[in-house]
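Student: Coordinates in work11.csv, CSV, C-alpha atoms, are listed below.
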```csv
chain,number,residue,atom,x,y,z
A,653,MET,CA,-0.7,19.4,10.1
A,654,VAL,CA,2.6,17.6,9.5
A,655,GLU,CA,4.2,16.0,12.5
A,656,LEU,CA,7.9,15.3,12.3
A,657,LYS,CA,9.1,12.2,14.2
A,658,SER,CA,12.1,11.9,16.5
A,659,PRO,CA,14.7,9.2,15.9
A,660,GLY,CA,13.2,7.2,18.7
A,661,GLU,CA,9.7,7.5,17.3
A,662,ILE,CA,11.0,6.4,13.9
A,663,GLU,CA,12.5,3.4,15.5
A,664,ARG,CA,9.1,2.5,17.1
A,665,MET,CA,7.5,2.8,13.6
A,666,ARG,CA,10.2,0.4,12.3
A,667,VAL,CA,9.2,-2.2,14.8
A,668,THR,CA,5.7,-2.0,13.5
A,669,GLY,CA,7.0,-2.0,9.9
A,670,GLN,CA,9.0,-5.2,10.4
A,671,PHE,CA,5.9,-6.9,11.6
A,672,VAL,CA,3.9,-5.7,8.6
A,673,ALA,CA,6.7,-6.9,6.3
A,674,ARG,CA,6.8,-10.4,7.9
A,675,VAL,CA,3.0,-10.8,7.6
A,676,LEU,CA,3.0,-9.7,4.0
A,677,ASP,CA,5.8,-12.2,3.3
A,678,GLU,CA,3.7,-14.9,4.8
A,679,LEU,CA,0.8,-13.9,2.6
A,680,ARG,CA,3.0,-14.0,-0.5
A,681,THR,CA,3.9,-17.6,0.4
A,682,ARG,CA,0.3,-18.6,1.1
A,683,ALA,CA,-1.2,-17.0,-2.0
A,684,GLN,CA,-1.4,-20.2,-4.1
A,685,VAL,CA,-4.0,-21.6,-6.5
A,686,GLY,CA,-7.1,-22.7,-4.6
A,687,VAL,CA,-6.4,-20.6,-1.5
A,688,ASN,CA,-9.5,-18.6,-0.4
A,689,LEU,CA,-9.1,-14.9,0.2
A,690,LEU,CA,-11.0,-15.4,3.5
A,691,ASP,CA,-8.2,-17.8,4.6
A,692,LEU,CA,-5.7,-15.0,4.0
A,693,GLU,CA,-7.8,-12.6,6.0
A,694,ALA,CA,-8.1,-15.1,8.8
A,695,HIS,CA,-4.3,-15.6,8.9
A,696,VAL,CA,-3.8,-11.8,9.3
A,697,ARG,CA,-6.3,-11.6,12.1
A,698,ARG,CA,-4.5,-14.4,14.0
A,699,ARG,CA,-1.1,-12.8,13.5
A,700,ILE,CA,-2.3,-9.4,14.7
A,701,ALA,CA,-4.0,-10.9,17.8
A,702,GLU,CA,-0.8,-12.9,18.6
A,703,ARG,CA,1.3,-9.8,18.4
A,704,GLY,CA,-1.1,-7.7,20.5
A,705,ALA,CA,-1.3,-5.2,17.6
A,706,ARG,CA,-4.2,-3.4,16.2
A,707,SER,CA,-5.5,-3.4,12.6
A,708,CYS,CA,-5.8,0.1,11.1
A,709,TYR,CA,-8.5,-1.1,8.8
A,710,TRP,CA,-10.9,-2.6,11.2
A,711,ASP,CA,-13.7,-0.1,11.8
A,712,TYR,CA,-12.1,2.3,9.3
A,713,SER,CA,-14.9,4.6,8.0
A,714,PRO,CA,-13.5,7.1,5.4
A,715,SER,CA,-15.8,9.2,3.2
A,716,PHE,CA,-15.1,7.0,0.2
A,717,GLY,CA,-16.1,3.7,1.8
A,718,ARG,CA,-19.5,2.2,2.7
A,719,GLY,CA,-19.7,1.9,6.5
A,720,PRO,CA,-16.9,0.6,8.7
A,721,PHE,CA,-14.3,-1.8,7.0
A,722,ARG,CA,-14.7,-5.1,8.8
A,723,ASN,CA,-11.4,-6.8,7.8
A,724,THR,CA,-7.8,-6.5,8.7
A,725,VAL,CA,-6.2,-6.6,5.2
A,726,CYS,CA,-7.1,-5.3,1.8
A,727,LEU,CA,-7.0,-8.0,-0.9
A,728,SER,CA,-7.5,-6.8,-4.5
A,729,VAL,CA,-7.7,-9.3,-7.4
A,730,ASN,CA,-7.0,-8.6,-11.1
A,731,ASP,CA,-8.8,-5.4,-12.0
A,732,ALA,CA,-9.2,-4.4,-8.4
A,733,VAL,CA,-6.3,-2.4,-7.0
A,734,LEU,CA,-7.2,-0.6,-3.8
A,735,HIS,CA,-9.3,-1.3,-0.7
A,736,GLY,CA,-10.2,-4.8,-1.8
A,737,LEU,CA,-12.7,-6.3,0.5
A,738,PRO,CA,-11.8,-10.0,1.2
A,739,PHE,CA,-14.6,-12.3,0.1
A,740,ASP,CA,-15.3,-15.9,-0.6
A,741,TYR,CA,-13.0,-16.4,-3.6
A,742,ALA,CA,-10.5,-19.1,-4.4
A,743,LEU,CA,-7.4,-17.9,-6.1
A,744,ARG,CA,-6.9,-19.0,-9.7
A,745,GLU,CA,-3.9,-19.6,-12.0
A,746,GLY,CA,-2.6,-16.2,-13.2
A,747,ASP,CA,-4.6,-14.0,-10.8
A,748,VAL,CA,-2.9,-10.7,-9.9
A,749,LEU,CA,-3.3,-10.2,-6.1
A,750,SER,CA,-2.5,-6.9,-4.4
A,751,MET,CA,-2.2,-7.1,-0.6
A,752,ASP,CA,-2.2,-3.9,1.5
A,753,LEU,CA,-1.7,-4.0,5.3
A,754,ALA,CA,-1.6,-1.3,7.9
A,755,VAL,CA,-1.0,-2.0,11.6
A,756,ASP,CA,-0.6,-0.1,14.8
A,757,ILE,CA,1.7,-1.5,17.5
A,758,ASP,CA,2.0,0.5,20.8
A,759,GLY,CA,0.6,3.6,19.1
A,760,TRP,CA,2.8,3.7,16.0
A,761,VAL,CA,1.6,2.7,12.5
A,762,ALA,CA,3.3,1.2,9.4
A,763,ASP,CA,1.6,0.6,6.1
A,764,SER,CA,2.8,-1.5,3.1
A,765,ALA,CA,1.5,-3.2,0.0
A,766,THR,CA,2.8,-5.8,-2.4
A,767,THR,CA,1.4,-7.5,-5.6
A,768,VAL,CA,1.9,-11.1,-6.4
A,769,ILE,CA,0.9,-13.2,-9.4
A,770,VAL,CA,-0.6,-16.6,-8.5
A,771,GLY,CA,0.9,-19.5,-10.3
A,772,ALA,CA,2.1,-18.9,-13.8
A,773,ALA,CA,2.6,-15.2,-14.6
A,774,ASP,CA,1.4,-13.5,-17.8
A,775,ASP,CA,4.3,-11.4,-19.2
A,776,GLU,CA,2.3,-8.2,-19.3
A,777,ASP,CA,1.1,-8.7,-15.8
A,778,LEU,CA,4.6,-9.3,-14.6
A,779,ARG,CA,5.8,-6.1,-16.4
A,780,LEU,CA,3.0,-4.1,-14.7
A,781,VAL,CA,4.0,-5.4,-11.2
A,782,ARG,CA,7.7,-4.7,-11.8
A,783,ALA,CA,6.8,-1.1,-13.0
A,784,THR,CA,5.1,-0.4,-9.7
A,785,GLU,CA,8.1,-1.8,-7.8
A,786,ALA,CA,10.5,0.3,-10.0
A,787,ALA,CA,8.3,3.4,-9.4
A,788,LEU,CA,8.5,2.8,-5.6
A,789,ALA,CA,12.2,2.5,-5.7
A,790,ALA,CA,12.6,5.7,-7.8
A,791,ALA,CA,10.4,7.6,-5.4
A,792,ILE,CA,12.2,6.4,-2.3
A,793,ALA,CA,15.6,7.4,-3.9
A,794,VAL,CA,14.5,11.0,-4.1
A,795,ALA,CA,13.0,11.2,-0.6
A,796,LEU,CA,15.9,13.4,0.6
A,797,PRO,CA,16.0,16.4,2.9
A,798,GLY,CA,15.7,19.6,0.7
A,799,ASN,CA,13.7,17.9,-2.0
A,800,ARG,CA,9.9,18.2,-2.2
A,801,ILE,CA,6.8,16.0,-2.4
A,802,GLY,CA,6.7,16.9,-6.1
A,803,ASP,CA,10.0,15.2,-6.6
A,804,ILE,CA,8.6,11.9,-5.2
A,805,SER,CA,5.5,12.3,-7.3
A,806,ALA,CA,7.4,13.1,-10.5
A,807,ALA,CA,9.6,10.0,-10.0
A,808,ILE,CA,6.6,7.8,-9.8
A,809,ALA,CA,5.0,9.3,-12.9
A,810,GLY,CA,8.3,9.1,-14.8
A,811,VAL,CA,8.4,5.3,-14.4
A,812,ALA,CA,4.7,5.0,-15.3
A,813,ARG,CA,5.2,7.1,-18.5
A,814,ALA,CA,8.4,5.1,-19.5
A,815,ASN,CA,6.3,1.9,-19.3
A,816,GLY,CA,3.2,3.3,-21.0
A,817,TYR,CA,0.9,3.3,-18.0
A,818,PRO,CA,-1.5,6.2,-17.2
A,819,VAL,CA,-1.6,7.6,-13.7
A,820,ASN,CA,-4.7,8.1,-11.6
A,821,THR,CA,-4.6,11.2,-9.2
A,822,GLU,CA,-7.5,10.3,-6.9
A,823,PHE,CA,-5.6,8.0,-4.6
A,824,GLY,CA,-1.9,8.2,-3.7
A,825,GLY,CA,0.5,8.1,-0.7
A,826,HIS,CA,0.3,9.9,2.6
A,827,GLY,CA,1.9,10.8,5.8
A,828,LEU,CA,1.5,8.5,8.7
A,829,GLY,CA,2.8,7.8,12.2
A,830,ARG,CA,0.4,8.0,15.1
A,831,THR,CA,-2.5,7.3,12.7
A,832,MET,CA,-2.7,5.6,9.3
A,833,HIS,CA,-3.4,8.8,7.4
A,834,GLU,CA,-1.7,12.1,8.2
A,835,ASP,CA,-0.5,15.1,6.1
A,836,PRO,CA,0.9,15.5,3.6
A,837,HIS,CA,-0.8,13.8,0.6
A,838,VAL,CA,1.7,12.2,-1.8
A,839,PRO,CA,0.2,12.2,-5.4
A,840,ASN,CA,1.5,9.6,-7.9
A,841,THR,CA,2.2,12.4,-10.4
A,842,GLY,CA,3.5,15.9,-9.9
A,843,ARG,CA,6.2,18.5,-10.8
A,844,PRO,CA,9.7,18.3,-9.5
A,845,GLY,CA,10.6,21.1,-7.0
A,846,ARG,CA,7.0,21.7,-6.0
A,847,GLY,CA,5.0,20.9,-2.9
A,848,TYR,CA,5.9,20.3,0.7
A,849,LEU,CA,9.5,20.5,1.7
A,850,LEU,CA,11.0,17.1,2.8
A,851,ARG,CA,12.7,17.4,6.2
A,852,PRO,CA,14.3,14.8,8.6
A,853,GLY,CA,11.6,13.2,10.7
A,854,LEU,CA,9.0,13.2,7.9
A,855,THR,CA,7.4,9.7,7.6
A,856,LEU,CA,5.5,8.8,4.5
A,857,ALA,CA,3.7,5.9,2.9
A,858,ILE,CA,4.6,6.0,-0.8
A,859,GLU,CA,2.3,3.8,-2.9
A,860,PRO,CA,2.5,3.8,-6.7
A,861,TRP,CA,-0.3,1.8,-8.3
A,862,PHE,CA,-1.1,1.5,-12.0
A,863,ALA,CA,-3.7,-0.1,-14.3
A,864,ARG,CA,-2.6,-1.4,-17.7
A,865,THR,CA,-4.7,0.8,-19.9
A,866,THR,CA,-6.6,3.4,-18.0
A,867,ASP,CA,-6.4,6.0,-15.2
A,868,GLU,CA,-10.1,5.8,-14.5
A,869,ILE,CA,-11.5,3.9,-11.6
A,870,TYR,CA,-14.9,3.0,-10.0
A,871,THR,CA,-16.0,1.6,-6.7
A,872,ASP,CA,-17.4,-2.0,-6.7
A,873,ALA,CA,-20.9,-2.8,-5.5
A,874,ASP,CA,-19.4,-3.9,-2.1
A,875,GLY,CA,-18.8,-0.2,-1.4
A,876,TRP,CA,-15.1,-0.5,-1.0
A,877,THR,CA,-13.1,-2.2,-3.7
A,878,ILE,CA,-11.6,0.2,-6.3
A,879,ARG,CA,-11.4,-1.2,-9.8
A,880,SER,CA,-10.0,-0.1,-13.1
A,881,ALA,CA,-12.8,1.4,-15.2
A,882,ASP,CA,-12.0,-0.8,-18.3
A,883,GLY,CA,-11.4,-4.0,-16.5
A,884,SER,CA,-7.6,-4.0,-17.1
A,885,ARG,CA,-5.2,-5.7,-14.7
A,886,THR,CA,-3.7,-3.6,-11.9
A,887,ALA,CA,-0.8,-3.6,-9.5
A,888,HIS,CA,0.2,-1.8,-6.3
A,889,SER,CA,3.5,-1.4,-4.3
A,890,GLU,CA,4.0,0.5,-1.1
A,891,HIS,CA,6.5,1.1,1.7
A,892,THR,CA,6.6,3.3,4.8
A,893,ILE,CA,9.7,5.4,4.8
A,894,ALA,CA,11.3,8.0,7.0
A,895,VAL,CA,13.2,11.0,5.6
A,896,THR,CA,16.5,11.3,7.6
A,897,ALA,CA,19.7,13.4,7.4
A,898,ASP,CA,21.4,10.2,6.1
A,899,GLY,CA,18.9,9.6,3.4
A,900,PRO,CA,15.6,7.7,3.1
A,901,ARG,CA,15.0,4.8,5.5
A,902,VAL,CA,12.6,2.1,4.6
A,903,LEU,CA,10.7,1.0,7.7
A,904,THR,CA,8.6,-1.8,6.2
A,905,LEU,CA,11.4,-4.4,5.6
A,906,ALA,CA,11.5,-7.7,7.4
A,907,ALA,CA,14.4,-8.0,9.9
```
What's the structure tokens form of this structure?

Tutor:
Amino acid sequence: MVELKSPGEIERMRVTGQFVARVLDELRTRAQVGVNLLDLEAHVRRRIAERGARSCYWDYSPSFGRGPFRNTVCLSVNDAVLHGLPFDYALREGDVLSMDLAVDIDGWVADSATTVIVGAADDEDLRLVRATEAALAAAIAVALPGNRIGDISAAIAGVARANGYPVNTEFGGHGLGRTMHEDPHVPNTGRPGRGYLLRPGLTLAIEPWFARTTDEIYTDADGWTIRSADGSRTAHSEHTIAVTADGPRVLTLAA
């Protein structure tokens, strides 16, 4: 069931989204050579506690994970792209780090992800990260009343194809609001003019993610971390947006 949000409810989601954006910005600054992933996780825990917020990941138990997730942020390194379980690992020069954060404040959720390159960036890694960012921007641009989910999906896939990246269809974006995952599903590839009709009040997490050379994935032995099947580098970008009569509104931007 799709729940459309009122302007007031969208504003409450924006409050959560601004907090998520600020914490991700802090993580971008902290993600330096030698920093341990567990230190980044600890920082997020502190910030959530200080704000009186709630992590959407803590105790999360979907069908694709092994038991409840016992961390507050997903940290995925290099060939890992989704649901990365923070572990005892010190970041190295050139690591590609995707950071995905979903938080609930006063009953309203926002979800966002960003990918950074630690230290000196390899040109191909940088191109991959920029492609996910460009795909996200293209998808947001077509999140207009009267368009359909397929228009968003096709925009993402168009950027992927233009850059030579395959697209996985197992994981994509989703509705959200009162909970982290709501209808509708937002695939990262699709046909324009097809799928659910976009209407004012619809709130979505749009999240293109690509691997350099494959669309196949597998789950790591930790039971959570999703990796590219061939070990190629990956990247992930995500915003929470609202469809409004005045156009798409990005809710996960720092004030």

Student: Residues of segment 685-723 of chain A that have any atom at most 12 Å from an atom of segment 830-842 of chain A: could you tabulate them with the shortest-distance atom pair and the distance in Å to one decimal, using all atoms listed in the file, ordered by chain and increasing number, as a Markdown table?

Tutor:
```
| residue | atom | partner | partner_atom | distance |
| --- | --- | --- | --- | --- |
| A:Arg706 | CA | A:Thr831 | CA | 11.4 |
| A:Ser707 | CA | A:Met832 | CA | 10.0 |
| A:Cys708 | CA | A:Met832 | CA | 6.6 |
| A:Tyr709 | CA | A:Met832 | CA | 8.9 |
| A:Trp710 | CA | A:Met832 | CA | 11.8 |
| A:Tyr712 | CA | A:Met832 | CA | 10.0 |
| A:Pro714 | CA | A:His833 | CA | 10.4 |
```

Student: When distances are computed from only C-alpha atoms, which of A:Asp874, A:Ile893, A:Ile858, A:Pro818 shows the smallest separation from Gly719 of chain A?

Tutor: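 So, comparing all the options, the nearest one is A:Asp874.
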
Student: Hey, which of A:Arg843, A:Val811, A:Val725, A:Arg699 ends up closest to Asp711 of chain A? Count all atoms listed in the file.

Tutor: A:Val725

Student: Quick check, in Å to one decimal: how far apart do atom CA of Asp752 of chain A and atom CA of Pro844 of chain A lie?

Tutor: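 Distance between the two atoms: 27.5 Å.
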
Student: As an exercise, work out the distance from atom CA of Glu655 of chain A to atom CA of Trp760 of chain A in Å and give it to one decimal place.

Tutor: 12.9 Å

Student: Quick one: distance from atom CA of Arg666 of chain A to atom CA of His735 of chain A in Å, one decimal?

Tutor: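 About the pair atom CA of Arg666 of chain A and atom CA of His735 of chain A: they are 23.5 Å apart.
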
Student: Do a neighbour search on Val672 of chain A at 10 Å with only C-alpha atoms, toss out local chain neighbours closer than 4 positions, and write the hits as a compact mmCIF listing (two decimals) with C-alpha atoms, in the frame of the given file.

Tutor:
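In the end it all went to around_39.txt:
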```
# COMPACT_ATOMS: atom_id res chain seq x y z
CA ARG A 666 10.20 0.40 12.30
CA VAL A 667 9.20 -2.20 14.80
CA THR A 668 5.70 -2.00 13.50
CA LEU A 676 3.00 -9.70 4.00
CA ASP A 677 5.80 -12.20 3.30
CA GLU A 678 3.70 -14.90 4.80
CA VAL A 696 -3.80 -11.80 9.30
CA ARG A 699 -1.10 -12.80 13.50
CA ILE A 700 -2.30 -9.40 14.70
CA ASP A 752 -2.20 -3.90 1.50
CA LEU A 753 -1.70 -4.00 5.30
CA ALA A 754 -1.60 -1.30 7.90
CA VAL A 755 -1.00 -2.00 11.60
CA ASP A 756 -0.60 -0.10 14.80
CA VAL A 761 1.60 2.70 12.50
CA ALA A 762 3.30 1.20 9.40
CA ASP A 763 1.60 0.60 6.10
CA SER A 764 2.80 -1.50 3.10
CA ALA A 765 1.50 -3.20 0.00
CA LEU A 903 10.70 1.00 7.70
CA THR A 904 8.60 -1.80 6.20
CA LEU A 905 11.40 -4.40 5.60
CA ALA A 906 11.50 -7.70 7.40
```

Student: Find, counting only C-alpha atoms, the residue in A:Asp803, A:Ala789, A:Gln670, A:Gly759 that gets nearest to Gly845 of chain A.

Tutor: A:Asp803

Student: Rank nothing, just name the residue among A:Leu854, A:Ala897, A:Ala732, A:Ala793 nearest to Ile878 of chain A, using all atoms listed in the file.

Tutor: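 Residue with the minimum atom-to-atom distance to Ile878 of chain A: A:Ala732.
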
Student: Out of A:Ile757, A:Leu689, A:Ala694, A:Leu849, which residue has the shortest atom-to-atom distance to Arg664 of chain A when counting all atoms listed in the file?

Tutor: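 Closest candidate: A:Ile757.
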
Student: Of the candidates A:Leu850, A:Met665, A:Ala807, A:Ala857, which one gets nearest to His891 of chain A if we count only C-alpha atoms?

Tutor: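 Smallest distance to His891 of chain A is found for A:Ala857.
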
Student: For segment 727-730 of chain A, work out the shell of residues within 6 Å, counting all atoms listed in the file and skipping chain neighbours fewer than 4 positions away, then give it as a PyMOL selection string.

Tutor: chain A and resi 736+738+747-751+885

Student: With C-alpha atoms retained, export the selected residues as a PDB file, keeping the file's coordinate frame.

Tutor:
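Written output follows (result.pdb):
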```pdb
ATOM      1  CA  GLY A 736     -10.200  -4.800  -1.800  1.00  0.00           C
ATOM      2  CA  PRO A 738     -11.800 -10.000   1.200  1.00  0.00           C
ATOM      3  CA  ASP A 747      -4.600 -14.000 -10.800  1.00  0.00           C
ATOM      4  CA  VAL A 748      -2.900 -10.700  -9.900  1.00  0.00           C
ATOM      5  CA  LEU A 749      -3.300 -10.200  -6.100  1.00  0.00           C
ATOM      6  CA  SER A 750      -2.500  -6.900  -4.400  1.00  0.00           C
ATOM      7  CA  MET A 751      -2.200  -7.100  -0.600  1.00  0.00           C
ATOM      8  CA  ARG A 885      -5.200  -5.700 -14.700  1.00  0.00           C
TER       9      ARG A 885
END
```

Student: Could you list, as a ChimeraX atom specification, every residue within 7 Å of Trp861 of chain A, counting all atoms listed in the file and ignoring same-chain residues fewer than 2 positions away?

Tutor: /A:784,859,887-889

Student: Go ahead and dump the residues you just picked, C-alpha atoms, as a compact mmCIF listing (two decimals), in the frame of the given file.

Tutor:
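Everything below was put into part-v1.txt:
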```txt
# COMPACT_ATOMS: atom_id res chain seq x y z
CA THR A 784 5.10 -0.40 -9.70
CA GLU A 859 2.30 3.80 -2.90
CA ALA A 887 -0.80 -3.60 -9.50
CA HIS A 888 0.20 -1.80 -6.30
CA SER A 889 3.50 -1.40 -4.30
```

Student: Can you pull out the residues contacting Ile804 of chain A? Cut-off 7 Å, using only C-alpha atoms, and skip same-chain residues under 3 positions away; I want them as JSON, numbers by chain.

Tutor: {"A": [791, 794, 795, 801, 807, 808]}

Student: With C-alpha atoms retained, could you export that selection as a tab-separated table (two decimals), in the coordinates of the input?

Tutor:
```tsv
chain	number	residue	atom	x	y	z
A	791	ALA	CA	10.40	7.60	-5.40
A	794	VAL	CA	14.50	11.00	-4.10
A	795	ALA	CA	13.00	11.20	-0.60
A	801	ILE	CA	6.80	16.00	-2.40
A	807	ALA	CA	9.60	10.00	-10.00
A	808	ILE	CA	6.60	7.80	-9.80
```

Student: Need the shell around Ala683 of chain A: protein/DNA/RNA residues with any atom at most 7 Å away, counting all atoms listed in the file. Skip same-chain ones fewer than 4 positions apart. Format as a compact mmCIF listing (two decimals) with C-alpha atoms, in the coordinates of the input?

Tutor:
```txt
# COMPACT_ATOMS: atom_id res chain seq x y z
CA LEU A 679 0.80 -13.90 2.60
CA VAL A 687 -6.40 -20.60 -1.50
CA VAL A 770 -0.60 -16.60 -8.50
```

Student: Add whatever atoms are absent from segment 818-843 of chain A to reach N, CA and C atoms, and provide the output as an mmCIF file, keeping the file's coordinate frame.

Tutor:
```cif
data_model
loop_
_atom_site.group_PDB
_atom_site.id
_atom_site.type_symbol
_atom_site.label_atom_id
_atom_site.label_comp_id
_atom_site.auth_asym_id
_atom_site.auth_seq_id
_atom_site.Cartn_x
_atom_site.Cartn_y
_atom_site.Cartn_z
ATOM 1 N N PRO A 818 -0.898 4.916 -17.708
ATOM 2 C CA PRO A 818 -1.500 6.200 -17.200
ATOM 3 C C PRO A 818 -1.488 6.201 -15.706
ATOM 4 N N VAL A 819 -1.632 7.406 -15.139
ATOM 5 C CA VAL A 819 -1.600 7.600 -13.700
ATOM 6 C C VAL A 819 -2.863 8.206 -13.179
ATOM 7 N N ASN A 820 -3.487 7.564 -12.218
ATOM 8 C CA ASN A 820 -4.700 8.100 -11.600
ATOM 9 C C ASN A 820 -4.240 9.061 -10.436
ATOM 10 N N THR A 821 -4.961 10.169 -10.265
ATOM 11 C CA THR A 821 -4.600 11.200 -9.200
ATOM 12 C C THR A 821 -5.547 11.176 -8.051
ATOM 13 N N GLU A 822 -6.541 10.280 -8.018
ATOM 14 C CA GLU A 822 -7.500 10.300 -6.900
ATOM 15 C C GLU A 822 -6.967 9.712 -5.639
ATOM 16 N N PHE A 823 -6.129 8.684 -5.755
ATOM 17 C CA PHE A 823 -5.600 8.000 -4.600
ATOM 18 C C PHE A 823 -4.047 7.957 -4.728
ATOM 19 N N GLY A 824 -3.347 8.245 -3.631
ATOM 20 C CA GLY A 824 -1.900 8.200 -3.700
ATOM 21 C C GLY A 824 -1.358 7.890 -2.265
ATOM 22 N N GLY A 825 -0.136 8.326 -2.015
ATOM 23 C CA GLY A 825 0.500 8.100 -0.700
ATOM 24 C C GLY A 825 0.102 9.161 0.285
ATOM 25 N N HIS A 826 0.703 9.070 1.468
ATOM 26 C CA HIS A 826 0.300 9.900 2.600
ATOM 27 C C HIS A 826 1.259 9.881 3.711
ATOM 28 N N GLY A 827 1.187 10.910 4.563
ATOM 29 C CA GLY A 827 1.900 10.800 5.800
ATOM 30 C C GLY A 827 1.263 9.836 6.741
ATOM 31 N N LEU A 828 2.013 9.401 7.734
ATOM 32 C CA LEU A 828 1.500 8.500 8.700
ATOM 33 C C LEU A 828 2.420 8.473 9.933
ATOM 34 N N GLY A 829 1.955 7.887 11.015
ATOM 35 C CA GLY A 829 2.800 7.800 12.200
ATOM 36 C C GLY A 829 1.923 7.362 13.399
ATOM 37 N N ARG A 830 1.260 8.310 14.028
ATOM 38 C CA ARG A 830 0.400 8.000 15.100
ATOM 39 C C ARG A 830 -0.975 7.450 14.603
ATOM 40 N N THR A 831 -1.318 7.822 13.372
ATOM 41 C CA THR A 831 -2.500 7.300 12.700
ATOM 42 C C THR A 831 -2.127 6.876 11.293
ATOM 43 N N MET A 832 -3.050 6.165 10.632
ATOM 44 C CA MET A 832 -2.700 5.600 9.300
ATOM 45 C C MET A 832 -2.650 6.718 8.251
ATOM 46 N N HIS A 833 -3.468 7.754 8.356
ATOM 47 C CA HIS A 833 -3.400 8.800 7.400
ATOM 48 C C HIS A 833 -3.189 10.167 8.027
ATOM 49 N N GLU A 834 -2.065 10.764 7.683
ATOM 50 C CA GLU A 834 -1.700 12.100 8.200
ATOM 51 C C GLU A 834 -1.276 12.926 6.955
ATOM 52 N N ASP A 835 -1.116 14.214 7.151
ATOM 53 C CA ASP A 835 -0.500 15.100 6.100
ATOM 54 C C ASP A 835 0.959 14.745 6.005
ATOM 55 N N PRO A 836 1.517 14.935 4.805
ATOM 56 C CA PRO A 836 0.900 15.500 3.600
ATOM 57 C C PRO A 836 0.451 14.360 2.648
ATOM 58 N N HIS A 837 -0.375 14.737 1.678
ATOM 59 C CA HIS A 837 -0.800 13.800 0.600
ATOM 60 C C HIS A 837 0.423 13.682 -0.358
ATOM 61 N N VAL A 838 0.601 12.481 -0.912
ATOM 62 C CA VAL A 838 1.700 12.200 -1.800
ATOM 63 C C VAL A 838 1.112 11.708 -3.153
ATOM 64 N N PRO A 839 0.811 12.597 -4.102
ATOM 65 C CA PRO A 839 0.200 12.200 -5.400
ATOM 66 C C PRO A 839 1.191 11.284 -6.161
ATOM 67 N N ASN A 840 0.649 10.503 -7.067
ATOM 68 C CA ASN A 840 1.500 9.600 -7.900
ATOM 69 C C ASN A 840 1.910 10.314 -9.195
ATOM 70 N N THR A 841 1.651 11.590 -9.320
ATOM 71 C CA THR A 841 2.200 12.400 -10.400
ATOM 72 C C THR A 841 2.340 13.818 -9.894
ATOM 73 N N GLY A 842 3.324 14.524 -10.406
ATOM 74 C CA GLY A 842 3.500 15.900 -9.900
ATOM 75 C C GLY A 842 4.738 16.518 -10.624
ATOM 76 N N ARG A 843 5.073 17.720 -10.171
ATOM 77 C CA ARG A 843 6.200 18.500 -10.800
ATOM 78 C C ARG A 843 7.346 18.531 -9.828
#
```
